[in-house]
file entry.csv (CSV, C-alpha atoms)
chain,number,residue,atom,x,y,z
A,1,MET,CA,27.4,96.9,-56.0
A,2,ASN,CA,28.9,95.9,-59.4
A,3,GLN,CA,26.9,95.0,-62.5
A,4,ALA,CA,27.4,91.3,-62.1
A,5,SER,CA,26.1,91.1,-58.5
A,6,THR,CA,23.3,93.5,-59.4
A,7,VAL,CA,21.7,91.2,-61.9
A,8,LYS,CA,22.2,88.1,-59.8
A,9,ASP,CA,20.2,89.8,-57.0
A,10,LYS,CA,16.9,87.9,-56.6
A,11,HIS,CA,14.8,91.1,-56.2
A,12,ILE,CA,16.4,92.7,-59.3
A,13,GLU,CA,15.6,89.6,-61.4
A,14,LYS,CA,12.0,89.6,-60.3
A,15,ILE,CA,11.7,93.4,-61.1
A,16,LEU,CA,13.2,92.9,-64.5
A,17,ILE,CA,10.9,90.0,-65.4
A,18,ALA,CA,7.8,91.8,-64.1
A,19,THR,CA,8.5,95.1,-65.8
A,20,SER,CA,9.2,93.2,-69.0
A,21,LEU,CA,5.7,91.7,-68.9
A,22,HIS,CA,3.8,94.8,-67.8
A,23,PRO,CA,4.6,98.4,-66.7
A,24,MET,CA,4.6,98.6,-62.9
A,25,THR,CA,5.2,101.0,-60.1
A,26,ALA,CA,7.7,100.3,-57.4
A,27,MET,CA,4.9,100.0,-54.9
A,28,ASN,CA,3.2,97.3,-57.0
A,29,LEU,CA,6.4,95.4,-57.3
A,30,SER,CA,6.9,95.7,-53.6
A,31,ARG,CA,3.5,94.3,-52.8
A,32,ILE,CA,3.6,91.5,-55.4
A,33,PHE,CA,7.0,90.2,-54.4
A,34,GLY,CA,7.1,91.1,-50.8
A,35,ILE,CA,10.1,93.3,-51.2
A,36,PRO,CA,10.3,96.0,-48.5
A,37,SER,CA,9.3,99.3,-50.1
A,38,ALA,CA,12.6,101.2,-49.4
A,39,ILE,CA,14.6,98.3,-50.9
A,40,CYS,CA,12.3,98.0,-53.9
A,41,HIS,CA,12.7,101.7,-54.6
A,42,ARG,CA,16.5,101.5,-54.4
A,43,LYS,CA,16.6,98.5,-56.7
A,44,VAL,CA,14.3,100.2,-59.2
A,45,ASN,CA,16.5,103.4,-59.1
A,46,LEU,CA,19.6,101.2,-59.6
A,47,LEU,CA,18.0,99.4,-62.6
A,48,GLU,CA,17.1,102.8,-64.1
A,49,SER,CA,20.6,104.1,-63.6
A,50,LEU,CA,21.9,101.0,-65.4
A,51,ASP,CA,19.5,101.8,-68.3
A,52,LEU,CA,17.7,98.4,-68.0
A,53,ILE,CA,14.3,99.9,-67.1
A,54,THR,CA,12.7,103.3,-67.8
A,55,CYS,CA,9.9,105.4,-66.5
A,56,VAL,CA,7.1,105.2,-69.0
A,57,GLU,CA,4.5,107.2,-67.1
A,58,ARG,CA,4.1,109.5,-64.1
A,59,LEU,CA,0.9,109.3,-62.1
A,60,MET,CA,-0.2,112.1,-59.9
A,61,SER,CA,-2.4,111.7,-56.8
A,62,GLU,CA,-3.1,113.9,-53.8
A,63,GLU,CA,-2.4,110.9,-51.5
A,64,ASP,CA,1.0,109.7,-52.9
A,65,GLY,CA,2.2,112.7,-55.0
A,66,ILE,CA,4.0,111.6,-58.2
A,67,THR,CA,4.3,107.8,-58.7
A,68,LYS,CA,6.5,106.6,-61.6
A,69,VAL,CA,5.5,103.6,-63.7
A,70,TYR,CA,8.4,101.5,-65.0
A,71,SER,CA,9.0,99.2,-67.9
A,72,ALA,CA,12.0,97.1,-68.9
A,73,LYS,CA,13.8,98.5,-72.0
A,74,ARG,CA,12.7,96.2,-74.8
A,75,ASP,CA,16.1,96.5,-76.6
A,76,LYS,CA,17.9,95.3,-73.4
A,77,VAL,CA,15.4,92.9,-71.6
A,78,THR,CA,13.0,90.6,-73.4
A,79,VAL,CA,10.7,87.8,-71.9
A,80,HIS,CA,8.8,85.2,-73.9
A,81,GLN,CA,7.3,81.8,-73.2
A,82,ASP,CA,8.7,78.6,-74.6
A,83,ASP,CA,7.0,75.3,-73.7
A,84,GLY,CA,5.2,76.9,-70.7
A,85,ARG,CA,8.4,78.4,-69.2
A,86,PHE,CA,9.5,82.0,-69.2
A,87,VAL,CA,12.6,82.7,-71.2
A,88,VAL,CA,14.4,85.9,-70.3
A,89,ARG,CA,17.1,87.6,-72.4
A,90,ILE,CA,19.2,90.5,-71.3
A,91,ASN,CA,21.5,92.2,-73.7
A,92,VAL,CA,24.6,92.8,-71.6
A,93,PRO,CA,28.4,92.4,-72.2
A,94,LEU,CA,29.6,88.8,-72.5
A,95,ASP,CA,31.4,88.7,-69.2
A,96,LEU,CA,28.3,89.7,-67.3
A,97,ALA,CA,26.1,87.3,-69.3
A,98,LEU,CA,28.3,84.4,-68.3
A,99,GLN,CA,27.8,85.3,-64.6
A,100,LEU,CA,24.0,85.5,-65.0
A,101,SER,CA,23.2,82.0,-66.0
A,102,TYR,CA,23.0,80.6,-62.4
A,103,GLY,CA,20.7,83.3,-61.2
A,104,TRP,CA,18.2,83.0,-64.0
A,105,ARG,CA,18.1,79.2,-63.7
A,106,THR,CA,17.4,79.5,-60.0
A,107,LEU,CA,14.7,82.1,-60.4
A,108,LEU,CA,12.9,80.4,-63.3
A,109,ALA,CA,13.1,76.8,-62.0

call {"tool": "encode", "arguments": {"input": "entry.csv", "output": "structure tokens"}}
result
Amino acid sequence: MNQASTVKDKHIEKILIATSLHPMTAMNLSRIFGIPSAICHRKVNLLESLDLITCVERLMSEEDGITKVYSAKRDKVTVHQDDGRFVVRINVPLDLALQLSYGWRTLLA
């Protein structure tokens, strides 16, 4: 999957927005957005490899073992509200940014 198709992916967009607003685990993201757990973990790992999100905490439990908590990188992904709508900015190369506009408008409409 290339970078352009990665960020156009509806699950990826939701994960980026959610982790920009509040640090979250992959399991929480999976439950909130109804993304199958395995798919959500793959998308989170992909975003981490693209350096758009980072693990900010590791939680340990006997039940689940180690659970990572992720947050969007503030220098790459920012979210704010403008007139009651979320505005998302991703710092990416220009060619990728041009391909993103449709996906963001669809998600935030």

call {"tool": "residues_around", "arguments": {"input": "entry.csv", "residues": "segment 69-73 of chain A", "least_positions_apart": "5", "cutoff": "10 Å", "atoms": "all atoms listed in the file", "output": "list of chain:residue names"}}
result
A:Ile15, A:Leu16, A:Ile17, A:Ala18, A:Thr19, A:Ser20, A:Leu21, A:His22, A:Pro23, A:Met24, A:Thr25, A:Ala26, A:Met27, A:Asn28, A:Val44, A:Leu47, A:Glu48, A:Asp51, A:Leu52, A:Ile53, A:Thr54, A:Cys55, A:Val56, A:Glu57, A:Arg58, A:Leu59, A:Thr78, A:Val79, A:Ile90

call {"tool": "atom_distance", "arguments": {"input": "entry.csv", "atom1": "atom CA of Gly84 of chain A", "atom2": "atom CA of Glu13 of chain A"}}
result
18.9 Å

call {"tool": "atom_distance", "arguments": {"input": "entry.csv", "atom1": "atom CA of Phe33 of chain A", "atom2": "atom CA of His11 of chain A"}}
result
8.1 Å

call {"tool": "atom_distance", "arguments": {"input": "entry.csv", "atom1": "atom CA of Ile12 of chain A", "atom2": "atom CA of Ala38 of chain A"}}
result
13.6 Å
